[in-house]
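Below you'll find the structure, written out as structure tokens, and then a few comments.
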Amino acid sequence: MEHFESIFYGKLENEVKIEPRDWMPDAYRKTLIRQISQHAHSEIVGMLPEGNWITRAPSLKRKAVLLAKAQDEAGHGLYLYAAAETLGVTRESTIEDLHSGKAKYSSIFNYPTLTWADIGAIGWLVDGAAIMNQVMLCRNSYGPYARAMVRICKEESFHQRQGFESLLVLSRGSAEQRAMCQDAIDRWWWPALMMFGPRDSESTHSDLSMKWKIKRMSNDELRQRFIDMIAEQVKVLNMTLPDPDLKWNEERGHYDFGAIDWDEFWQVVKGNGPCNRERLEARRKAHEEGRWVREAALAHANKKSMVKASAA
Ligand code: FAQ
């Protein structure tokens with residue numbers, strides 16, 4: 001083994017973080033750029049389904065909470081794009097890959113938010129699934145990504161709680177509110193399970209990502225943990241999950257669950273979900289409309305540094 005390579009594996013072995021200037025295998029760098037940028041895109045595209053309800057939130061309090069949550073997601077995208085930049089890619093090229101359709105983002109954000117209860121369901125189920133996956137990422141081997149994840153997880157747990165609380169209020173409301181709550185749970189449940197990615201047997205990156213300590217738990221392990229957690233929490237809401245096969249298995253010490261529609265998952269990942277086109281169009285439009293702001297900020301920064309240089 002080459003000298004630098006043995007230093008790299010020694011650090012992994014001893015739980016020492018890999019930092020931007022350290023030597024790292026090309027494939028490690030590449031997989032981190034892929035995962036971190038996909039994660040950043042998910043945060044940014046993830047603002048769109050919720051943004052749909054900011055002007056229609058049912059009270060001032062709910063509106064303020066939703067605004068704060070959407071702003072948090074923008075912040076998460078920012079930390080993550082910055083973490084990706086430490087690996088040698090520019091933010092412009094990463095964003096260009098999203099807009100051209102080359103880069104992926106989480107399948108979940110290609111589903112529509114049809115009612116107010118969807119906002120609660122996103123907080124409880126989507127942020128809940130995100131945290132289940134991201135708590136493990138706080139311990140990933142790449143320093144800038146791991147440190148960003150610590151902050152992100154703190155905010156995500158507030159997001160999940162607000163979602164659950166919002167559904168709890170609906171679940172104790174009128175018959176119409178209870179029906180809206182159940183309908184949202186029914187529509188978001190299966191897509192939330194797909195967020196964890198394909199089954200372990202179909203997961204192309206897992207083996208190497210586990211070896212490199214980017215991932216600490218597999219897609220299926222995390223999905224099972226999530227199901228076990230939600231199957232209990234749904235009882236507090238007095239609602240049900242749309243899976244007739246969901247049943248506690250004493251022997252396994254886990255809930256058994258029904259078949260996930262993997263065909264639907266891959267269709268959404270390939271761009272054929274209910275809102276894929278709409279999401280990318282909204283992102284491209286926002287990028288174009290914000291161009292003058294980026295140009296003005298750059299011109300201002302250049303002017304300031306010129307003034308500073310001439311004063312010196
Ligand atoms: N959607 O080999 P694996 C959030 C792709 S943030 C689309 O298992 P890996 C916050 C995968 O990229 C949610 N594509 O991949 C929020 C690969 O394709 P590629 C996002 C998916 O990377 C809440 C192929 O399938 N979280 O929700 C998906 O080892 C509310 C094979 O898969 C993160 O990104 C999917 N669901 O494991 C914001 C966390 N799953 O790249 C707003 C970081 C898999 O070869 C509102 N990411 N694929 O073309 C990860 O932990 C991992 O990347 C996994 C996938 C676990 C998602």
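We label chains A, B, ... in the order they appear in the structure tokens, count residues from 1 in each chain, and number ligands from 1 in the order shown.
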Test item: residues no farther than 7 Å from ligand 1, counting only C-alpha atoms and all ligand atoms, as a PDB file with N, CA and C atoms, in the first residue's frame:
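Here's the written file part-v8.pdb:
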ATOM      1  N   ARG A  34     -20.847  13.240  -5.080  1.00  0.00           N
ATOM      2  CA  ARG A  34     -22.164  12.776  -5.543  1.00  0.00           C
ATOM      3  C   ARG A  34     -23.190  12.849  -4.399  1.00  0.00           C
ATOM      4  N   GLN A  35     -22.847  12.263  -3.275  1.00  0.00           N
ATOM      5  CA  GLN A  35     -23.838  12.186  -2.191  1.00  0.00           C
ATOM      6  C   GLN A  35     -24.118  13.559  -1.573  1.00  0.00           C
ATOM      7  N   ILE A  36     -23.052  14.337  -1.329  1.00  0.00           N
ATOM      8  CA  ILE A  36     -23.272  15.640  -0.673  1.00  0.00           C
ATOM      9  C   ILE A  36     -24.052  16.573  -1.599  1.00  0.00           C
ATOM     10  N   GLN A  38     -26.115  15.716  -4.051  1.00  0.00           N
ATOM     11  CA  GLN A  38     -27.517  15.241  -4.138  1.00  0.00           C
ATOM     12  C   GLN A  38     -28.283  15.644  -2.881  1.00  0.00           C
ATOM     13  N   HIS A  39     -27.590  15.579  -1.774  1.00  0.00           N
ATOM     14  CA  HIS A  39     -28.221  15.948  -0.509  1.00  0.00           C
ATOM     15  C   HIS A  39     -28.545  17.455  -0.507  1.00  0.00           C
ATOM     16  N   SER A  42     -31.476  18.136  -2.612  1.00  0.00           N
ATOM     17  CA  SER A  42     -32.721  17.681  -1.964  1.00  0.00           C
ATOM     18  C   SER A  42     -33.233  18.745  -1.002  1.00  0.00           C
ATOM     19  N   GLU A  43     -32.312  19.369  -0.294  1.00  0.00           N
ATOM     20  CA  GLU A  43     -32.729  20.405   0.660  1.00  0.00           C
ATOM     21  C   GLU A  43     -33.382  21.575  -0.090  1.00  0.00           C
ATOM     22  N   GLY A  46     -36.520  20.508  -1.842  1.00  0.00           N
ATOM     23  CA  GLY A  46     -37.459  20.179  -0.771  1.00  0.00           C
ATOM     24  C   GLY A  46     -38.212  21.393  -0.239  1.00  0.00           C
ATOM     25  N   MET A  47     -37.710  22.590  -0.549  1.00  0.00           N
ATOM     26  CA  MET A  47     -38.444  23.790  -0.115  1.00  0.00           C
ATOM     27  C   MET A  47     -39.718  23.992  -0.959  1.00  0.00           C
ATOM     28  N   GLU A  73     -34.150  24.897   5.572  1.00  0.00           N
ATOM     29  CA  GLU A  73     -33.764  23.995   4.468  1.00  0.00           C
ATOM     30  C   GLU A  73     -32.779  24.719   3.533  1.00  0.00           C
ATOM     31  N   LYS A 104     -29.094  13.854  -9.279  1.00  0.00           N
ATOM     32  CA  LYS A 104     -30.330  13.410  -8.626  1.00  0.00           C
ATOM     33  C   LYS A 104     -30.623  14.266  -7.392  1.00  0.00           C
ATOM     34  N   TYR A 105     -31.838  14.167  -6.933  1.00  0.00           N
ATOM     35  CA  TYR A 105     -32.222  14.678  -5.613  1.00  0.00           C
ATOM     36  C   TYR A 105     -33.263  13.703  -5.087  1.00  0.00           C
ATOM     37  N   SER A 106     -33.610  13.817  -3.811  1.00  0.00           N
ATOM     38  CA  SER A 106     -34.450  12.785  -3.210  1.00  0.00           C
ATOM     39  C   SER A 106     -35.798  12.652  -3.925  1.00  0.00           C
ATOM     40  N   SER A 107     -36.156  11.405  -4.198  1.00  0.00           N
ATOM     41  CA  SER A 107     -37.419  11.066  -4.872  1.00  0.00           C
ATOM     42  C   SER A 107     -38.638  11.699  -4.196  1.00  0.00           C
ATOM     43  N   ILE A 108     -38.572  11.858  -2.891  1.00  0.00           N
ATOM     44  CA  ILE A 108     -39.740  12.282  -2.115  1.00  0.00           C
ATOM     45  C   ILE A 108     -40.293  13.643  -2.555  1.00  0.00           C
ATOM     46  N   ILE A 122     -45.245  15.849   6.012  1.00  0.00           N
ATOM     47  CA  ILE A 122     -43.850  16.021   5.574  1.00  0.00           C
ATOM     48  C   ILE A 122     -42.953  16.155   6.809  1.00  0.00           C
ATOM     49  N   GLY A 123     -43.374  17.001   7.746  1.00  0.00           N
ATOM     50  CA  GLY A 123     -42.549  17.184   8.948  1.00  0.00           C
ATOM     51  C   GLY A 123     -42.357  15.855   9.690  1.00  0.00           C
ATOM     52  N   VAL A 126     -41.342  12.788   6.455  1.00  0.00           N
ATOM     53  CA  VAL A 126     -40.197  13.064   5.575  1.00  0.00           C
ATOM     54  C   VAL A 126     -38.999  13.536   6.407  1.00  0.00           C
ATOM     55  N   ASP A 127     -39.229  14.497   7.287  1.00  0.00           N
ATOM     56  CA  ASP A 127     -38.116  14.912   8.155  1.00  0.00           C
ATOM     57  C   ASP A 127     -37.726  13.776   9.096  1.00  0.00           C
ATOM     58  N   ALA A 130     -35.584  11.584   7.130  1.00  0.00           N
ATOM     59  CA  ALA A 130     -34.311  12.291   6.898  1.00  0.00           C
ATOM     60  C   ALA A 130     -33.425  12.214   8.138  1.00  0.00           C
ATOM     61  N   ASN A 133     -31.737   8.826   8.822  1.00  0.00           N
ATOM     62  CA  ASN A 133     -30.574   8.627   7.953  1.00  0.00           C
ATOM     63  C   ASN A 133     -29.418   9.568   8.335  1.00  0.00           C
ATOM     64  N   GLN A 134     -29.778  10.786   8.780  1.00  0.00           N
ATOM     65  CA  GLN A 134     -28.737  11.805   8.943  1.00  0.00           C
ATOM     66  C   GLN A 134     -28.019  11.747  10.288  1.00  0.00           C
ATOM     67  N   MET A 194     -39.367   4.979   0.651  1.00  0.00           N
ATOM     68  CA  MET A 194     -38.455   4.921  -0.513  1.00  0.00           C
ATOM     69  C   MET A 194     -37.271   5.875  -0.356  1.00  0.00           C
ATOM     70  N   MET A 195     -37.412   6.859   0.539  1.00  0.00           N
ATOM     71  CA  MET A 195     -36.314   7.828   0.731  1.00  0.00           C
ATOM     72  C   MET A 195     -35.006   7.142   1.124  1.00  0.00           C
ATOM     73  N   PHE A 196     -35.107   5.988   1.800  1.00  0.00           N
ATOM     74  CA  PHE A 196     -33.892   5.313   2.274  1.00  0.00           C
ATOM     75  C   PHE A 196     -33.101   4.664   1.146  1.00  0.00           C
ATOM     76  N   GLY A 197     -33.659   4.712  -0.067  1.00  0.00           N
ATOM     77  CA  GLY A 197     -32.950   4.154  -1.208  1.00  0.00           C
ATOM     78  C   GLY A 197     -33.328   2.718  -1.462  1.00  0.00           C
ATOM     79  N   PRO A 198     -32.763   2.129  -2.539  1.00  0.00           N
ATOM     80  CA  PRO A 198     -33.135   0.762  -2.913  1.00  0.00           C
ATOM     81  C   PRO A 198     -32.773  -0.246  -1.829  1.00  0.00           C
ATOM     82  N   ASP A 200     -30.885  -3.235   0.038  1.00  0.00           N
ATOM     83  CA  ASP A 200     -29.430  -3.412   0.126  1.00  0.00           C
ATOM     84  C   ASP A 200     -28.885  -4.208  -1.061  1.00  0.00           C
ATOM     85  N   SER A 203     -28.405  -1.841  -3.892  1.00  0.00           N
ATOM     86  CA  SER A 203     -27.714  -0.578  -3.622  1.00  0.00           C
ATOM     87  C   SER A 203     -26.273  -0.645  -4.137  1.00  0.00           C
ATOM     88  N   THR A 204     -26.003   0.164  -5.169  1.00  0.00           N
ATOM     89  CA  THR A 204     -24.694   0.060  -5.841  1.00  0.00           C
ATOM     90  C   THR A 204     -23.551   0.623  -4.998  1.00  0.00           C
ATOM     91  N   HIS A 205     -23.840   1.651  -4.192  1.00  0.00           N
ATOM     92  CA  HIS A 205     -22.747   2.356  -3.513  1.00  0.00           C
ATOM     93  C   HIS A 205     -22.482   1.883  -2.091  1.00  0.00           C
ATOM     94  N   SER A 206     -23.418   1.098  -1.536  1.00  0.00           N
ATOM     95  CA  SER A 206     -23.342   0.805  -0.094  1.00  0.00           C
ATOM     96  C   SER A 206     -22.039   0.150   0.351  1.00  0.00           C
ATOM     97  N   SER A 209     -19.254   2.642   0.442  1.00  0.00           N
ATOM     98  CA  SER A 209     -19.562   3.721   1.389  1.00  0.00           C
ATOM     99  C   SER A 209     -19.468   3.237   2.830  1.00  0.00           C
ATOM    100  N   LYS A 215     -21.266   5.826   5.017  1.00  0.00           N
ATOM    101  CA  LYS A 215     -22.496   5.262   5.582  1.00  0.00           C
ATOM    102  C   LYS A 215     -22.110   4.377   6.752  1.00  0.00           C
ATOM    103  N   ASN A 219     -29.259   0.860   3.904  1.00  0.00           N
ATOM    104  CA  ASN A 219     -30.579   1.400   3.550  1.00  0.00           C
ATOM    105  C   ASN A 219     -31.696   0.617   4.255  1.00  0.00           C
ATOM    106  N   VAL A 269     -37.285   8.309  -9.699  1.00  0.00           N
ATOM    107  CA  VAL A 269     -35.853   8.647  -9.766  1.00  0.00           C
ATOM    108  C   VAL A 269     -35.458   9.002 -11.204  1.00  0.00           C
TER     109      VAL A 269
END
DSSP helix (DSSP H, G or I) selection over segment 112-251 of chain A, as number ranges by chain: A: 117-137, 143-171, 175-194, 200-202, 206-211, 219-237
Can I get the selection written as a compact mmCIF listing (two decimals), in the first residue's frame, with C-alpha atoms?
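As written to disk, part-v7.txt reads:
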# COMPACT_ATOMS: atom_id res chain seq x y z
CA ALA A 117 -52.21 18.07 6.37
CA ASP A 118 -49.44 17.25 3.86
CA ILE A 119 -47.27 19.85 5.59
CA GLY A 120 -47.65 18.02 8.90
CA ALA A 121 -47.03 14.68 7.19
CA ILE A 122 -43.85 16.02 5.57
CA GLY A 123 -42.55 17.18 8.95
CA TRP A 124 -43.40 13.94 10.72
CA LEU A 125 -42.60 11.37 8.01
CA VAL A 126 -40.20 13.06 5.58
CA ASP A 127 -38.12 14.91 8.16
CA GLY A 128 -38.44 11.83 10.37
CA ALA A 129 -36.93 9.63 7.64
CA ALA A 130 -34.31 12.29 6.90
CA ILE A 131 -33.17 12.38 10.54
CA MET A 132 -33.06 8.61 10.83
CA ASN A 133 -30.57 8.63 7.95
CA GLN A 134 -28.74 11.80 8.94
CA VAL A 135 -27.96 10.99 12.57
CA MET A 136 -25.68 8.28 11.21
CA LEU A 137 -24.17 10.82 8.79
CA GLY A 143 -14.95 16.26 8.43
CA PRO A 144 -16.81 19.07 6.64
CA TYR A 145 -19.80 16.84 5.85
CA ALA A 146 -19.96 15.39 9.38
CA ARG A 147 -19.81 18.84 10.98
CA ALA A 148 -22.53 20.21 8.68
CA MET A 149 -24.72 17.24 9.58
CA VAL A 150 -24.55 17.99 13.31
CA ARG A 151 -26.16 21.39 12.81
CA ILE A 152 -28.62 20.08 10.27
CA CYS A 153 -29.84 17.29 12.57
CA LYS A 154 -30.59 19.73 15.38
CA GLU A 155 -32.86 21.69 13.07
CA GLU A 156 -34.42 18.60 11.51
CA SER A 157 -35.58 17.34 14.89
CA PHE A 158 -37.46 20.59 15.43
CA HIS A 159 -38.98 20.07 11.97
CA GLN A 160 -40.17 16.60 12.82
CA ARG A 161 -41.72 17.66 16.11
CA GLN A 162 -43.60 20.54 14.54
CA GLY A 163 -44.97 18.16 11.90
CA PHE A 164 -46.14 15.67 14.49
CA GLU A 165 -47.71 18.39 16.63
CA SER A 166 -49.53 19.81 13.62
CA LEU A 167 -50.98 16.37 12.79
CA LEU A 168 -51.85 15.79 16.45
CA VAL A 169 -54.04 18.91 16.40
CA LEU A 170 -55.77 17.73 13.20
CA SER A 171 -56.18 14.21 14.61
CA ALA A 175 -64.28 14.51 11.26
CA GLU A 176 -63.13 16.41 8.17
CA GLN A 177 -59.77 17.29 9.75
CA ARG A 178 -59.23 13.70 10.89
CA ALA A 179 -59.98 12.44 7.38
CA MET A 180 -57.53 14.97 5.91
CA CYS A 181 -54.87 13.81 8.37
CA GLN A 182 -55.38 10.13 7.51
CA ASP A 183 -55.37 10.86 3.77
CA ALA A 184 -52.02 12.70 4.04
CA ILE A 185 -50.48 9.81 6.02
CA ASP A 186 -51.79 7.35 3.42
CA ARG A 187 -50.19 9.27 0.55
CA TRP A 188 -46.80 10.02 2.18
CA TRP A 189 -46.12 6.69 3.88
CA TRP A 190 -44.79 4.63 0.97
CA PRO A 191 -42.80 7.46 -0.67
CA ALA A 192 -41.20 8.15 2.77
CA LEU A 193 -40.02 4.52 2.94
CA MET A 194 -38.46 4.92 -0.51
CA ASP A 200 -29.43 -3.41 0.13
CA SER A 201 -29.17 -6.05 -2.60
CA GLU A 202 -29.77 -3.33 -5.24
CA SER A 206 -23.34 0.81 -0.09
CA ASP A 207 -20.39 -1.61 0.08
CA LEU A 208 -17.76 1.03 -0.58
CA SER A 209 -19.56 3.72 1.39
CA MET A 210 -19.66 1.41 4.42
CA LYS A 211 -15.99 0.55 4.01
CA ASN A 219 -30.58 1.40 3.55
CA ASP A 220 -32.66 -1.55 4.80
CA GLU A 221 -31.50 -1.25 8.42
CA LEU A 222 -32.45 2.42 8.55
CA ARG A 223 -35.78 1.80 6.82
CA GLN A 224 -36.63 -0.89 9.39
CA ARG A 225 -35.75 1.41 12.29
CA PHE A 226 -37.96 4.11 10.82
CA ILE A 227 -40.90 1.73 10.41
CA ASP A 228 -40.51 0.51 13.99
CA MET A 229 -40.53 4.09 15.28
CA ILE A 230 -43.47 5.35 13.19
CA ALA A 231 -45.62 2.25 13.79
CA GLU A 232 -45.63 3.23 17.47
CA GLN A 233 -46.02 6.99 17.00
CA VAL A 234 -49.04 6.60 14.71
CA LYS A 235 -50.94 5.09 17.65
CA VAL A 236 -50.65 8.41 19.50
CA LEU A 237 -52.32 10.08 16.54
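The interatomic distance for the pair atom CA of His99 of chain A and atom CA of Arg283 of chain A works out to 7.1 Å.
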Shell around segment 270-275 of chain A at 12 Å using only C-alpha atoms, local window under 6 positions removed, as a list of chain:residue names: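 These residues fall inside the cut-off: A:Val45, A:Gly46, A:Leu48, A:Pro49, A:Ser100, A:Gly101, A:Lys102, A:Ala103, A:Lys104, A:Tyr105, A:Ser106, A:Ser107, A:Ile108, A:Phe109, A:Asn110, A:Tyr111, A:Pro112, A:Thr113, A:Leu114, A:Pro191, A:Asp263, A:Glu264, A:Glu281, A:Ala282.
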Exercise: segment 81-86 of chain A partners within 7 Å, only C-alpha atoms, chain neighbours under 3 positions left out, as a list of chain:residue names: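 Near segment 81-86 of chain A, the qualifying residues are A:Pro20, A:Ile33, A:Ile36, A:Ser37, A:Ala40, A:Gly77, A:Leu78, A:Val89, A:Thr90, A:Arg91, A:Pro144, A:Tyr145.
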Write out the residues from the selection above, keeping N, CA, C and O atoms, as a compact mmCIF listing (two decimals), in the first residue's frame.
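Result went into selection00.txt, see below:
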# COMPACT_ATOMS: atom_id res chain seq x y z
N PRO A 20 -10.22 18.30 4.04
CA PRO A 20 -10.09 18.62 2.61
C PRO A 20 -8.68 18.50 2.03
O PRO A 20 -8.52 18.09 0.89
N ILE A 33 -18.71 13.72 -3.37
CA ILE A 33 -19.26 14.83 -4.17
C ILE A 33 -20.68 14.47 -4.63
O ILE A 33 -21.61 15.27 -4.53
N ILE A 36 -23.05 14.34 -1.33
CA ILE A 36 -23.27 15.64 -0.67
C ILE A 36 -24.05 16.57 -1.60
O ILE A 36 -24.96 17.29 -1.16
N SER A 37 -23.72 16.55 -2.91
CA SER A 37 -24.43 17.48 -3.78
C SER A 37 -25.89 17.03 -3.97
O SER A 37 -26.79 17.86 -3.99
N ALA A 40 -27.59 18.27 -0.98
CA ALA A 40 -27.83 19.72 -1.05
C ALA A 40 -29.02 20.02 -1.96
O ALA A 40 -29.91 20.80 -1.60
N GLY A 77 -28.98 23.53 2.59
CA GLY A 77 -28.43 23.44 1.23
C GLY A 77 -27.10 24.19 1.16
O GLY A 77 -26.12 23.70 0.60
N LEU A 78 -27.07 25.35 1.79
CA LEU A 78 -25.86 26.17 1.76
C LEU A 78 -24.68 25.46 2.43
O LEU A 78 -23.58 25.39 1.88
N VAL A 89 -15.17 20.87 -6.26
CA VAL A 89 -16.15 21.21 -7.31
C VAL A 89 -16.68 22.62 -7.03
O VAL A 89 -16.73 23.04 -5.88
N THR A 90 -17.07 23.32 -8.09
CA THR A 90 -17.62 24.65 -7.84
C THR A 90 -19.13 24.54 -7.61
O THR A 90 -19.78 23.60 -8.08
N ARG A 91 -19.65 25.53 -6.92
CA ARG A 91 -21.09 25.52 -6.66
C ARG A 91 -21.86 25.67 -7.98
O ARG A 91 -22.89 25.05 -8.19
N PRO A 144 -15.84 18.00 6.93
CA PRO A 144 -16.81 19.07 6.64
C PRO A 144 -18.26 18.59 6.52
O PRO A 144 -19.19 19.28 6.93
N TYR A 145 -18.44 17.39 5.99
CA TYR A 145 -19.80 16.84 5.85
C TYR A 145 -20.34 16.47 7.24
O TYR A 145 -21.48 16.81 7.59
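For the choices A:Trp116, A:Ser141, A:Arg29, A:Trp292, the atom-to-atom distance to Tyr9 of chain A is smallest for A:Ser141 when using only C-alpha atoms.
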DSSP strand (DSSP E) residues within segment 218-283 of chain A, as number ranges by chain: A: 247-249, 254-256
Who sits within 9 Å of Asp22 of chain A, only C-alpha atoms, same chain under 2 positions skipped, as a list in words: Phe4, Phe8, Ile18, Glu19, Pro20 and Met24 of chain A
Nearest to Ile95 of chain A by atom-to-atom distance, counting only C-alpha atoms, from A:Leu246, A:Leu32, A:Cys138, A:Leu280: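 Closest to Ile95 of chain A of all the choices is A:Leu280.
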Atom CA of Glu92 of chain A to atom CA of Leu298 of chain A, straight-line distance in Å: 13.8 Å
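Summary of the local environment: counting only C-alpha atoms, residues at most 8 Å from Ala70 of chain A, other than itself and those fewer than 3 positions away along its chain, are Met47, Glu50, Gly51, Leu66, Leu67, Glu73 and Ala74 of chain A.
Between atom CA of Tyr142 of chain A and atom CA of Lys17 of chain A the interatomic distance comes to 5.6 Å.
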Of the listed residues A:Arg62, A:Arg56, A:Lys213, A:Arg291, that which approaches Asn14 of chain A most closely, counting only C-alpha atoms: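 Nearest candidate to Asn14 of chain A out of A:Arg62, A:Arg56, A:Lys213, A:Arg291: A:Lys213.
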Minimum-distance residue to Tyr255 of chain A, chosen among A:Asp243, A:Glu278, A:Glu288, A:Glu5 (using only C-alpha atoms):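 The shortest atom-to-atom distance to Tyr255 of chain A comes from A:Asp243.
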